[in-house]
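Enquirer: You'll find final.csv just under this line, and it carries CSV, C-alpha atoms.
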```csv
chain,number,residue,atom,x,y,z
D,1142,MET,CA,0.0,0.0,0.0
D,1143,THR,CA,1.4,3.4,-1.0
D,1144,ASN,CA,0.3,6.5,0.9
D,1145,THR,CA,0.9,10.2,0.1
D,1146,LEU,CA,0.0,13.3,2.1
D,1147,LEU,CA,-0.3,16.7,0.4
D,1148,GLN,CA,0.3,18.8,3.4
D,1149,GLN,CA,-1.3,22.2,4.2
D,1150,GLY,CA,-2.1,23.4,0.7
D,1151,ARG,CA,-4.8,25.8,-0.4
D,1152,VAL,CA,-7.4,23.4,-1.9
D,1153,VAL,CA,-9.3,25.1,-4.7
D,1154,ASP,CA,-12.0,22.7,-6.1
D,1155,PRO,CA,-14.5,24.4,-8.4
D,1156,SER,CA,-16.7,21.3,-8.4
D,1157,THR,CA,-17.5,21.7,-4.7
D,1158,GLY,CA,-16.8,25.4,-4.2
D,1159,ARG,CA,-14.1,24.6,-1.7
D,1160,ASP,CA,-11.3,27.1,-1.1
D,1161,GLU,CA,-9.5,26.4,2.2
D,1162,THR,CA,-6.3,25.1,3.6
D,1163,ARG,CA,-6.4,21.3,3.9
D,1164,ASP,CA,-4.3,18.2,4.0
D,1165,VAL,CA,-5.2,15.7,1.2
D,1166,PHE,CA,-4.5,12.1,2.0
D,1167,ILE,CA,-4.1,9.6,-0.9
D,1168,SER,CA,-3.8,5.8,-0.5
D,1169,ASP,CA,-3.3,3.3,-3.3
D,1170,GLY,CA,-4.0,5.9,-6.0
D,1171,ARG,CA,-7.3,7.3,-4.5
D,1172,ILE,CA,-8.2,10.3,-2.5
D,1173,VAL,CA,-9.1,9.1,1.0
D,1174,GLY,CA,-9.8,12.3,2.8
D,1175,LEU,CA,-9.3,16.0,3.2
D,1176,SER,CA,-8.6,17.3,6.7
D,1177,THR,CA,-8.0,20.6,8.3
D,1178,THR,CA,-6.0,19.1,11.2
D,1179,ALA,CA,-3.0,16.9,11.4
D,1180,ALA,CA,-3.6,13.2,11.9
D,1181,PRO,CA,-1.3,10.3,12.6
D,1182,LEU,CA,0.1,8.9,9.3
D,1183,PRO,CA,0.7,5.3,8.3
D,1184,PRO,CA,4.4,4.4,8.3
D,1185,GLY,CA,6.1,5.1,5.0
D,1186,THR,CA,3.7,7.9,4.0
D,1187,GLU,CA,5.3,10.3,1.4
D,1188,VAL,CA,4.7,13.8,2.7
D,1189,ILE,CA,4.7,16.7,0.1
D,1190,ASP,CA,4.8,20.1,1.6
D,1191,CYS,CA,2.2,22.2,-0.1
D,1192,ARG,CA,2.4,25.4,1.9
D,1193,GLY,CA,2.2,28.3,-0.4
D,1194,LEU,CA,0.7,26.1,-3.2
D,1195,ILE,CA,-2.7,25.5,-4.6
D,1196,ILE,CA,-4.0,22.0,-4.8
D,1197,THR,CA,-6.6,21.6,-7.6
D,1198,PRO,CA,-8.3,18.7,-9.3
D,1199,GLY,CA,-6.0,17.4,-12.0
D,1200,LEU,CA,-5.7,19.9,-14.9
D,1201,ILE,CA,-7.2,18.6,-18.2
D,1202,ASP,CA,-6.1,19.9,-21.5
D,1203,MET,CA,-9.0,19.2,-23.8
D,1204,HIS,CA,-7.3,19.9,-27.2
D,1205,THR,CA,-3.8,18.6,-27.8
D,1206,HIS,CA,-2.1,16.6,-30.6
D,1207,VAL,CA,-0.2,13.8,-28.9
D,1208,PHE,CA,-0.5,10.8,-31.2
D,1209,GLU,CA,3.3,11.0,-31.8
D,1210,GLY,CA,4.4,9.0,-34.8
D,1211,LEU,CA,1.1,9.4,-36.7
D,1212,GLY,CA,2.1,12.0,-39.2
D,1213,ASP,CA,4.5,14.8,-38.1
D,1214,PHE,CA,2.3,17.2,-36.1
D,1215,CYS,CA,2.2,15.7,-32.6
D,1216,VAL,CA,4.2,16.2,-29.4
D,1217,LYS,CA,4.9,13.6,-26.7
D,1218,PRO,CA,1.9,13.2,-24.4
D,1219,ASP,CA,4.0,13.3,-21.2
D,1220,ALA,CA,5.9,16.4,-22.3
D,1221,VAL,CA,2.6,18.4,-22.3
D,1222,GLY,CA,0.9,16.1,-19.7
D,1223,VAL,CA,2.4,14.9,-16.4
D,1224,ASP,CA,5.8,16.6,-17.0
D,1225,ALA,CA,3.9,19.9,-17.3
D,1226,GLY,CA,1.6,19.4,-14.3
D,1227,VAL,CA,-1.3,18.1,-16.4
D,1228,PRO,CA,-2.4,14.6,-15.5
D,1229,VAL,CA,-5.0,14.3,-18.3
D,1230,VAL,CA,-4.8,15.4,-21.9
D,1231,VAL,CA,-7.2,14.8,-24.8
D,1232,ASP,CA,-6.0,14.3,-28.3
D,1233,GLY,CA,-8.0,16.7,-30.5
D,1234,GLY,CA,-8.8,14.5,-33.5
D,1235,THR,CA,-5.3,13.8,-34.9
D,1236,SER,CA,-6.6,10.5,-36.2
D,1237,GLY,CA,-9.5,9.3,-38.3
D,1238,VAL,CA,-11.2,5.9,-38.0
D,1239,ALA,CA,-8.7,3.7,-39.9
D,1240,THR,CA,-5.7,4.7,-37.9
D,1241,PHE,CA,-7.3,5.2,-34.5
D,1242,ASP,CA,-6.6,1.7,-33.0
D,1243,ILE,CA,-3.0,1.7,-33.9
D,1244,SER,CA,-2.7,5.2,-32.4
D,1245,ARG,CA,-4.3,3.9,-29.3
D,1246,HIS,CA,-1.9,1.1,-29.0
D,1247,ALA,CA,1.1,3.3,-29.7
D,1248,VAL,CA,0.2,6.1,-27.3
D,1249,ILE,CA,-2.8,5.8,-25.1
D,1250,ASP,CA,-2.2,2.2,-23.9
D,1251,HIS,CA,1.6,2.3,-24.2
D,1252,PRO,CA,3.3,1.4,-20.9
D,1253,GLU,CA,5.7,4.3,-21.2
D,1254,THR,CA,2.8,6.8,-21.4
D,1255,LYS,CA,2.3,8.1,-17.8
D,1256,THR,CA,-0.3,10.8,-18.7
D,1257,LYS,CA,-4.0,9.8,-18.9
D,1258,VAL,CA,-4.7,10.2,-22.6
D,1259,LEU,CA,-8.3,10.5,-24.0
D,1260,ALA,CA,-9.3,11.4,-27.5
D,1261,PHE,CA,-11.6,12.8,-30.1
D,1262,VAL,CA,-11.7,10.9,-33.4
D,1263,ASP,CA,-12.3,12.4,-36.8
D,1264,PRO,CA,-15.4,10.8,-38.5
D,1265,CYS,CA,-13.5,10.3,-41.8
D,1266,GLN,CA,-11.9,6.9,-42.5
D,1267,LEU,CA,-8.6,8.5,-43.3
D,1268,TYR,CA,-7.6,11.6,-41.5
D,1269,LEU,CA,-4.2,12.7,-40.2
D,1270,ALA,CA,-3.5,16.0,-38.7
D,1271,THR,CA,-0.1,16.8,-40.4
D,1272,LYS,CA,1.9,20.0,-40.7
D,1273,ASP,CA,1.4,20.1,-44.4
D,1274,PHE,CA,-2.4,19.4,-44.2
D,1275,ILE,CA,-2.0,16.3,-46.4
D,1276,CYS,CA,-5.6,15.2,-46.1
D,1277,HIS,CA,-6.8,18.6,-47.3
D,1278,LYS,CA,-4.1,18.8,-50.0
D,1279,LEU,CA,-5.2,15.4,-51.4
D,1280,ARG,CA,-8.8,16.5,-51.1
D,1281,ILE,CA,-9.9,13.5,-49.0
D,1282,ALA,CA,-11.0,15.7,-46.1
D,1283,ASP,CA,-13.9,16.8,-48.3
D,1284,ASP,CA,-14.5,13.5,-50.1
D,1285,LEU,CA,-17.8,11.9,-49.2
D,1286,LYS,CA,-16.3,8.5,-50.0
D,1287,ASN,CA,-14.2,9.0,-46.9
D,1288,LEU,CA,-17.2,8.6,-44.7
D,1289,ASP,CA,-18.3,5.1,-43.6
D,1290,PRO,CA,-20.9,5.3,-40.9
D,1291,GLU,CA,-20.7,1.6,-40.1
D,1292,SER,CA,-17.0,1.6,-39.6
D,1293,LEU,CA,-17.2,4.8,-37.6
D,1294,ALA,CA,-19.8,3.2,-35.3
D,1295,ASP,CA,-17.6,0.1,-34.8
D,1296,CYS,CA,-14.6,2.3,-33.9
D,1297,ILE,CA,-16.6,4.2,-31.3
D,1298,ASP,CA,-17.9,0.9,-29.8
D,1299,ARG,CA,-14.4,-0.5,-29.5
D,1300,ASN,CA,-12.9,2.6,-27.9
D,1301,ARG,CA,-15.7,4.0,-25.7
D,1302,ASP,CA,-13.4,3.9,-22.7
D,1303,VAL,CA,-11.0,6.4,-24.2
D,1304,LEU,CA,-13.1,8.3,-26.7
D,1305,VAL,CA,-14.8,11.5,-25.4
D,1306,GLY,CA,-16.3,12.7,-28.7
D,1307,LEU,CA,-15.7,13.3,-32.4
D,1308,LYS,CA,-13.7,16.1,-34.0
D,1309,ALA,CA,-15.2,17.4,-37.2
D,1310,ARG,CA,-13.6,19.6,-39.8
D,1311,ALA,CA,-16.7,21.3,-41.2
D,1312,CYS,CA,-15.8,20.9,-44.9
D,1313,HIS,CA,-18.5,21.1,-47.5
D,1314,VAL,CA,-18.9,19.5,-50.9
D,1315,GLY,CA,-20.6,22.4,-52.8
D,1316,ASP,CA,-23.1,23.8,-50.3
D,1317,PRO,CA,-21.4,26.3,-48.0
D,1318,GLU,CA,-24.4,26.1,-45.7
D,1319,PHE,CA,-24.1,22.4,-44.9
D,1320,SER,CA,-21.2,20.1,-43.9
D,1321,PRO,CA,-21.9,16.3,-44.3
D,1322,PHE,CA,-18.8,15.6,-42.2
D,1323,LEU,CA,-20.1,17.6,-39.3
D,1324,ALA,CA,-23.5,16.0,-39.8
D,1325,GLY,CA,-22.0,12.5,-40.0
D,1326,ALA,CA,-20.1,13.1,-36.8
D,1327,GLN,CA,-23.2,14.2,-35.0
D,1328,GLU,CA,-25.2,11.2,-36.2
D,1329,ALA,CA,-22.6,8.8,-34.9
D,1330,SER,CA,-21.9,10.6,-31.7
D,1331,ASP,CA,-24.3,8.7,-29.5
D,1332,GLY,CA,-24.6,11.4,-26.9
D,1333,MET,CA,-20.9,12.5,-27.0
D,1334,PRO,CA,-20.0,16.0,-28.0
D,1335,VAL,CA,-18.7,16.9,-31.4
D,1336,MET,CA,-15.8,19.4,-31.4
D,1337,VAL,CA,-15.6,21.6,-34.5
D,1338,HIS,CA,-12.6,23.6,-35.7
D,1339,LEU,CA,-13.5,27.3,-36.2
D,1340,GLY,CA,-11.4,28.6,-39.0
D,1341,ARG,CA,-10.1,27.8,-42.5
D,1342,PHE,CA,-8.1,25.0,-44.0
D,1343,PRO,CA,-5.9,25.2,-47.1
D,1344,HIS,CA,-7.3,23.4,-50.2
D,1345,THR,CA,-10.7,22.4,-48.8
D,1346,PRO,CA,-13.7,24.8,-48.3
D,1347,VAL,CA,-15.6,25.0,-45.0
D,1348,ILE,CA,-19.1,26.1,-44.3
D,1349,THR,CA,-19.8,29.7,-43.2
D,1350,PRO,CA,-19.5,30.5,-39.5
D,1351,VAL,CA,-23.2,31.3,-39.3
D,1352,ALA,CA,-24.0,27.9,-40.9
D,1353,LEU,CA,-21.6,26.2,-38.4
D,1354,LEU,CA,-23.3,27.9,-35.5
D,1355,ASN,CA,-26.7,26.9,-36.7
D,1356,GLN,CA,-25.7,23.2,-37.1
D,1357,LEU,CA,-24.2,22.8,-33.5
D,1358,ARG,CA,-26.2,21.1,-30.8
D,1359,SER,CA,-26.2,21.6,-27.0
D,1360,GLY,CA,-22.9,20.1,-25.7
D,1361,ASP,CA,-21.0,20.4,-29.0
D,1362,ILE,CA,-17.7,22.3,-28.7
D,1363,ILE,CA,-16.3,25.2,-30.7
D,1364,THR,CA,-12.6,25.1,-30.4
D,1365,HIS,CA,-10.7,28.3,-31.4
D,1366,ALA,CA,-13.9,30.2,-30.3
D,1367,PHE,CA,-11.9,33.4,-29.6
D,1368,ARG,CA,-9.8,33.5,-32.8
D,1369,GLY,CA,-9.6,36.7,-34.9
D,1370,ALA,CA,-12.0,37.0,-37.8
D,1371,GLY,CA,-13.9,33.9,-36.6
D,1372,GLY,CA,-17.3,35.3,-37.6
D,1373,MET,CA,-18.6,35.3,-34.1
D,1374,LEU,CA,-18.8,39.1,-34.2
D,1375,GLY,CA,-20.7,41.2,-36.7
D,1376,PRO,CA,-19.5,44.4,-38.4
D,1377,ASP,CA,-20.8,46.4,-35.4
D,1378,GLY,CA,-18.6,44.5,-33.1
D,1379,LYS,CA,-21.5,42.8,-31.4
D,1380,VAL,CA,-22.0,39.0,-31.3
D,1381,VAL,CA,-24.1,37.7,-34.2
D,1382,PRO,CA,-27.5,36.3,-33.2
D,1383,GLN,CA,-26.5,32.8,-34.2
D,1384,PHE,CA,-23.6,32.9,-31.7
D,1385,ARG,CA,-25.8,34.1,-28.9
D,1386,ASP,CA,-28.4,31.4,-29.7
D,1387,ALA,CA,-25.7,28.7,-29.8
D,1388,VAL,CA,-24.4,29.7,-26.4
D,1389,ASP,CA,-27.9,29.9,-25.0
D,1390,ARG,CA,-28.6,26.3,-26.1
D,1391,GLY,CA,-25.4,25.0,-24.5
D,1392,VAL,CA,-22.7,25.1,-27.1
D,1393,VAL,CA,-19.3,25.0,-25.4
D,1394,LEU,CA,-16.7,27.8,-26.0
D,1395,ASP,CA,-13.2,26.4,-26.0
D,1396,MET,CA,-10.1,28.6,-26.0
D,1397,GLY,CA,-8.2,26.2,-28.4
D,1398,HIS,CA,-5.3,28.6,-28.6
D,1399,SER,CA,-3.0,27.1,-31.2
D,1400,GLY,CA,-0.6,29.5,-32.9
D,1401,THR,CA,-3.1,31.6,-34.8
D,1402,ASP,CA,-6.4,30.8,-33.3
D,1403,PHE,CA,-6.7,32.9,-30.2
D,1404,ARG,CA,-6.5,36.7,-30.0
D,1405,PHE,CA,-6.6,38.9,-27.0
D,1406,ARG,CA,-8.5,41.5,-29.0
D,1407,GLU,CA,-11.3,39.1,-29.9
D,1408,ALA,CA,-11.4,37.7,-26.4
D,1409,ARG,CA,-11.8,41.2,-24.9
D,1410,ARG,CA,-14.7,41.9,-27.3
D,1411,LEU,CA,-16.5,38.7,-26.3
D,1412,LEU,CA,-15.7,39.1,-22.6
D,1413,ASP,CA,-17.1,42.6,-22.7
D,1414,GLN,CA,-20.4,41.2,-23.9
D,1415,GLY,CA,-20.4,38.5,-21.2
D,1416,TYR,CA,-19.0,35.5,-23.1
D,1417,MET,CA,-16.1,33.8,-21.3
D,1418,PRO,CA,-14.3,30.6,-22.4
D,1419,ASP,CA,-15.8,27.5,-20.9
D,1420,THR,CA,-12.6,25.6,-21.3
D,1421,ALA,CA,-8.9,26.7,-21.6
D,1422,SER,CA,-7.4,24.2,-24.0
D,1423,THR,CA,-4.1,24.7,-25.9
D,1424,ASP,CA,-4.1,22.8,-29.2
D,1425,LEU,CA,-0.5,22.1,-28.5
D,1426,ASN,CA,1.5,20.7,-31.4
D,1427,ILE,CA,5.0,20.9,-32.8
D,1428,PHE,CA,4.4,24.4,-34.0
D,1429,THR,CA,3.1,25.8,-30.8
D,1430,VAL,CA,4.7,24.0,-27.9
D,1431,ASN,CA,7.7,26.3,-28.0
D,1432,GLY,CA,5.5,29.4,-28.3
D,1433,PRO,CA,3.2,31.2,-28.5
D,1434,VAL,CA,1.2,28.6,-26.5
D,1435,PHE,CA,3.9,26.9,-24.5
D,1436,SER,CA,1.6,25.1,-22.0
D,1437,LEU,CA,-1.8,24.9,-20.4
D,1438,VAL,CA,-0.6,27.0,-17.4
D,1439,GLU,CA,0.6,29.7,-19.8
D,1440,ASN,CA,-3.0,29.7,-21.2
D,1441,MET,CA,-4.3,30.1,-17.6
D,1442,THR,CA,-1.9,33.1,-17.1
D,1443,LYS,CA,-3.3,34.7,-20.3
D,1444,LEU,CA,-6.8,34.4,-19.0
D,1445,LEU,CA,-5.7,36.0,-15.7
D,1446,ALA,CA,-4.2,38.8,-17.8
D,1447,LEU,CA,-7.6,39.4,-19.4
D,1448,GLY,CA,-9.1,40.0,-15.9
D,1449,ILE,CA,-10.8,36.6,-15.4
D,1450,ALA,CA,-10.9,35.5,-11.7
D,1451,LEU,CA,-8.5,32.7,-10.6
D,1452,HIS,CA,-11.4,30.4,-9.5
D,1453,ASP,CA,-13.0,30.7,-12.9
D,1454,VAL,CA,-9.6,30.1,-14.7
D,1455,ILE,CA,-9.1,26.9,-12.6
D,1456,ALA,CA,-12.6,25.7,-13.4
D,1457,MET,CA,-11.8,26.3,-17.1
D,1458,ALA,CA,-8.9,23.8,-16.8
D,1459,THR,CA,-10.6,21.2,-14.5
D,1460,THR,CA,-14.3,21.0,-13.7
D,1461,ASN,CA,-15.6,22.6,-16.8
D,1462,VAL,CA,-13.5,20.3,-19.0
D,1463,ALA,CA,-14.7,17.2,-17.2
D,1464,ARG,CA,-18.3,18.3,-17.8
D,1465,ALA,CA,-17.6,19.2,-21.5
D,1466,ILE,CA,-16.2,15.7,-22.2
D,1467,GLY,CA,-18.8,13.9,-20.2
D,1468,ARG,CA,-16.4,12.6,-17.6
D,1469,VAL,CA,-17.6,14.4,-14.4
D,1470,ASP,CA,-17.7,11.1,-12.6
D,1471,GLU,CA,-14.0,10.5,-13.2
D,1472,PHE,CA,-12.2,13.8,-13.4
D,1473,GLY,CA,-12.4,17.5,-12.3
D,1474,SER,CA,-13.0,17.0,-8.6
D,1475,LEU,CA,-11.2,16.2,-5.3
D,1476,GLN,CA,-14.0,14.2,-3.9
D,1477,GLU,CA,-13.1,11.3,-1.6
D,1478,GLY,CA,-12.9,8.0,-3.4
D,1479,ARG,CA,-11.8,9.5,-6.7
D,1480,THR,CA,-8.7,8.5,-8.5
D,1481,ALA,CA,-6.0,10.9,-7.3
D,1482,ASP,CA,-5.5,13.0,-10.4
D,1483,ILE,CA,-4.3,16.3,-8.8
D,1484,SER,CA,-2.3,19.3,-9.8
D,1485,LEU,CA,-0.1,21.5,-7.6
D,1486,LEU,CA,0.2,25.1,-8.7
D,1487,ARG,CA,2.0,28.2,-7.5
D,1488,ILE,CA,0.5,31.6,-8.2
D,1489,ARG,CA,3.3,34.0,-8.7
D,1490,SER,CA,2.9,37.6,-7.9
D,1491,ASP,CA,6.4,38.9,-8.5
D,1492,GLY,CA,5.5,40.1,-12.0
D,1493,PRO,CA,4.2,41.7,-14.1
D,1494,PHE,CA,4.4,38.8,-16.5
D,1495,ALA,CA,4.3,39.3,-20.3
D,1496,VAL,CA,2.2,36.9,-22.3
D,1497,SER,CA,1.6,36.7,-26.0
D,1498,ASP,CA,-1.2,35.4,-28.2
D,1499,GLY,CA,1.3,35.2,-31.1
D,1500,HIS,CA,0.4,38.7,-32.3
D,1501,GLU,CA,-0.1,41.0,-29.3
D,1502,VAL,CA,1.8,41.1,-26.0
D,1503,ILE,CA,0.0,42.1,-22.8
D,1504,GLU,CA,1.0,41.8,-19.1
D,1505,SER,CA,-0.5,39.9,-16.2
D,1506,ALA,CA,0.0,40.8,-12.5
D,1507,GLN,CA,0.1,37.1,-11.7
D,1508,ALA,CA,1.3,33.9,-13.4
D,1509,VAL,CA,0.2,30.3,-12.9
D,1510,GLU,CA,3.2,28.0,-12.4
D,1511,ALA,CA,2.9,24.2,-12.4
D,1512,VAL,CA,4.9,22.6,-9.6
D,1513,GLY,CA,3.9,19.0,-10.0
D,1514,CYS,CA,1.0,16.6,-10.3
D,1515,LEU,CA,-0.3,13.3,-9.3
D,1516,ARG,CA,-1.6,10.9,-11.9
D,1517,ALA,CA,-3.5,8.0,-10.2
D,1518,GLY,CA,-1.6,8.8,-7.0
D,1519,VAL,CA,1.9,8.8,-8.5
D,1520,TYR,CA,3.6,12.2,-8.0
D,1521,ARG,CA,5.8,13.8,-10.7
D,1522,ALA,CA,7.5,17.1,-10.3
D,1523,THR,CA,7.1,19.5,-13.2
D,1524,LYS,CA,10.1,19.7,-15.5
D,1525,PRO,CA,11.5,23.1,-16.4
D,1526,MET,CA,9.0,24.9,-18.6
D,1527,ALA,CA,9.3,27.7,-21.1
D,1528,SER,CA,7.0,30.8,-21.1
D,1529,TYR,CA,6.9,34.0,-22.9
D,1530,ALA,CA,7.9,36.0,-19.8
D,1531,ALA,CA,11.0,33.8,-19.5
D,1532,ASN,CA,11.9,33.1,-23.1
D,1533,GLY,CA,10.3,35.8,-25.2
D,1534,LYS,CA,9.4,35.1,-28.8
D,1535,THR,CA,10.8,31.7,-29.8
D,1536,TRP,CA,8.5,30.7,-32.7
D,1537,MET,CA,8.4,31.2,-36.4
D,1538,GLU,CA,5.6,33.0,-38.2
D,1539,PRO,CA,3.0,30.7,-40.0
D,1540,PRO,CA,2.8,30.7,-43.8
D,1541,PRO,CA,0.3,33.4,-44.9
D,1542,ASP,CA,-2.2,30.8,-46.3
D,1543,GLN,CA,-2.2,28.6,-43.2
D,1544,ASP,CA,-3.6,28.5,-39.6
D,1545,TRP,CA,-1.8,26.4,-37.0
```
Show the structure stored in the file as structure tokens.

Expert:
Amino acid sequence: MTNTLLQQGRVVDPSTGRDETRDVFISDGRIVGLSTTAAPLPPGTEVIDCRGLIITPGLIDMHTHVFEGLGDFCVKPDAVGVDAGVPVVVDGGTSGVATFDISRHAVIDHPETKTKVLAFVDPCQLYLATKDFICHKLRIADDLKNLDPESLADCIDRNRDVLVGLKARACHVGDPEFSPFLAGAQEASDGMPVMVHLGRFPHTPVITPVALLNQLRSGDIITHAFRGAGGMLGPDGKVVPQFRDAVDRGVVLDMGHSGTDFRFREARRLLDQGYMPDTASTDLNIFTVNGPVFSLVENMTKLLALGIALHDVIAMATTNVARAIGRVDEFGSLQEGRTADISLLRIRSDGPFAVSDGHEVIESAQAVEAVGCLRAGVYRATKPMASYAANGKTWMEPPPDQDW
């Protein structure tokens, strides 16, 4: 039996509203109890001093690309997961149906993968997220022959334990008001959300933003919802009615930063009208892991810089994500009996801290720093992490005809 005590940390758990100093006791990978007073410990208990730290439910990055070896776009799951203070990551549709099982064996189930990896699957038979957009270049991302509902249903049934939804690229085949790929994903989803990419692709046309908004159901997810020129705002700077209606019926707004898909200017305009991100994902990939995204905690710092309260920012990386992916019974809470997926954070106030969306630089009075995390009760200290404040601009500019 292995026992760990997280001693005297500030427990912030948005799922319960708790914000108080507590000890958190973990035994055999599960949360046993939270206590305000010291108690006798079993012999051999590992004690982690958490004074000055925040103890949160394990951070969850809802949009990453971590199917390393499938194409040339992905990063190592542990590099953006447990080594960055994030016990749970979700691959954002790197793979279509035909390659999902081999991706699962190579990454999700691989014994060397210490991060909990979940995934969205693209509804197409063949889809690979690659840095040259090969499936768009070859025009199979908008080929109806690439949809096979029966095979898609079989893939979902085989992988229900790790699939949290489908990731649709809303391409069309002649009608800019309708995407059969989005429709196919929704028809197959069986209660799971469909995440949609807001923005363009080279080579393949996508439906209009208004058509996209009209086609989304409650629980579906717009990733890159705060990108520039996303069509969520009209010429008058106000949200378009279809955006308001989509949010009112329960469509989830995901940050989905990536390199070109989040803008402070757009976020300020939406925040001023009462629309906050529901989730704070990164879309980390080989182009963005060395900036401007860097990490999930860097995203959290950017949200603080926009004036969003710390409790809300933590919820956007924990509880809200668990709800969006339909896993509230497993993740996003520090309730007793849960698997001990826990993050330890330090809130630095020795700034200001510069942050960049890849275009504009602003300052935050505070920064979120990952200290370590527990994945199923096993503690890993965070490895040294880059940030804009520490490293400045370290990334290349994207080609003028591409988003990444």

Enquirer: Taking all atoms listed in the file into account, which of D:Asp1242, D:His1344, D:Gly1473, D:Val1227 comes nearest Leu1279 in chain D?

Expert: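 When distances to Leu1279 in chain D are compared using all atoms listed in the file, the smallest one comes from D:His1344.
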
Enquirer: D:Cys1514, D:Leu1269, D:Val1496, D:Val1303: which is nearest Phe1214 in chain D, counting all atoms listed in the file?

Expert: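 Under the stated criterion, the closest residue is D:Leu1269.
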
Enquirer: Write out as a PyMOL selection string the residues lying within 10 Å of range 1181-1186 of chain D, counting all atoms listed in the file and excluding same-chain residues fewer than 4 positions away.

Expert: chain D and resi 1142-1146+1166-1168

Enquirer: Hey, can you check how far CA of Asp1289 in chain D sits from CA of Ala1329 in chain D?

Expert: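 Separation of CA of Asp1289 in chain D and CA of Ala1329 in chain D: 10.4 Å.
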
Enquirer: Do you know which residues lie at most 12 Å from (1.3, 12.8, -39.6), with coordinates as in the file and only C-alpha atoms counted, and could you write them as number ranges by chain?

Expert: D: 1206-1216, 1234-1237, 1240, 1244, 1267-1276, 1426-1427

Enquirer: One decimal, in Å: what's the spacing between CA of Asp1263 in chain D and CA of Met1417 in chain D?

Expert: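 CA of Asp1263 in chain D sits 26.7 Å away from CA of Met1417 in chain D.
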
Enquirer: Using all atoms listed in the file, which residue out of D:Ser1497, D:Thr1460, D:Thr1178, D:Ser1484 lies closest to Val1512 in chain D?

Expert: D:Ser1484

Enquirer: Taking all atoms listed in the file into account, name the residue in D:Glu1253, D:Asp1544, D:Asp1395, D:Glu1477 that is nearest to Ile1363 in chain D.

Expert: D:Asp1395

Enquirer: Please work out which residues fall within 12 Å of (-18.5, 3.0, -40.5), coordinates as given in the file, with only C-alpha atoms counting, and return them as number ranges by chain.

Expert: D: 1237-1239, 1263-1267, 1286-1298, 1325-1326, 1328-1329

Enquirer: Could you write out that same residue set with C-alpha atoms as a compact mmCIF listing (two decimals), in the coordinates of the input?

Expert:
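Dumped to again34.txt:
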```
# COMPACT_ATOMS: atom_id res chain seq x y z
CA GLY D 1237 -9.50 9.30 -38.30
CA VAL D 1238 -11.20 5.90 -38.00
CA ALA D 1239 -8.70 3.70 -39.90
CA ASP D 1263 -12.30 12.40 -36.80
CA PRO D 1264 -15.40 10.80 -38.50
CA CYS D 1265 -13.50 10.30 -41.80
CA GLN D 1266 -11.90 6.90 -42.50
CA LEU D 1267 -8.60 8.50 -43.30
CA LYS D 1286 -16.30 8.50 -50.00
CA ASN D 1287 -14.20 9.00 -46.90
CA LEU D 1288 -17.20 8.60 -44.70
CA ASP D 1289 -18.30 5.10 -43.60
CA PRO D 1290 -20.90 5.30 -40.90
CA GLU D 1291 -20.70 1.60 -40.10
CA SER D 1292 -17.00 1.60 -39.60
CA LEU D 1293 -17.20 4.80 -37.60
CA ALA D 1294 -19.80 3.20 -35.30
CA ASP D 1295 -17.60 0.10 -34.80
CA CYS D 1296 -14.60 2.30 -33.90
CA ILE D 1297 -16.60 4.20 -31.30
CA ASP D 1298 -17.90 0.90 -29.80
CA GLY D 1325 -22.00 12.50 -40.00
CA ALA D 1326 -20.10 13.10 -36.80
CA GLU D 1328 -25.20 11.20 -36.20
CA ALA D 1329 -22.60 8.80 -34.90
```

Enquirer: One number please: CA of Thr1442 in chain D to CA of Asn1461 in chain D, in Å, one decimal.

Expert: 17.3 Å

Enquirer: Name the residues in contact with Gln1414 in chain D at a cut-off of 12 Å, using only C-alpha atoms, excluding same-chain residues fewer than 6 positions from it; report them as a PyMOL selection string.

Expert: chain D and resi 1373-1374+1378-1381+1384-1385+1407-1408

Enquirer: Could you check the closest approach to Asp1250 in chain D for each of D:Asn1532, D:Thr1197, D:Gln1356, D:Asn1300 and tell me which residue wins, using only C-alpha atoms?

Expert: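 Under the stated criterion, the closest residue is D:Asn1300.
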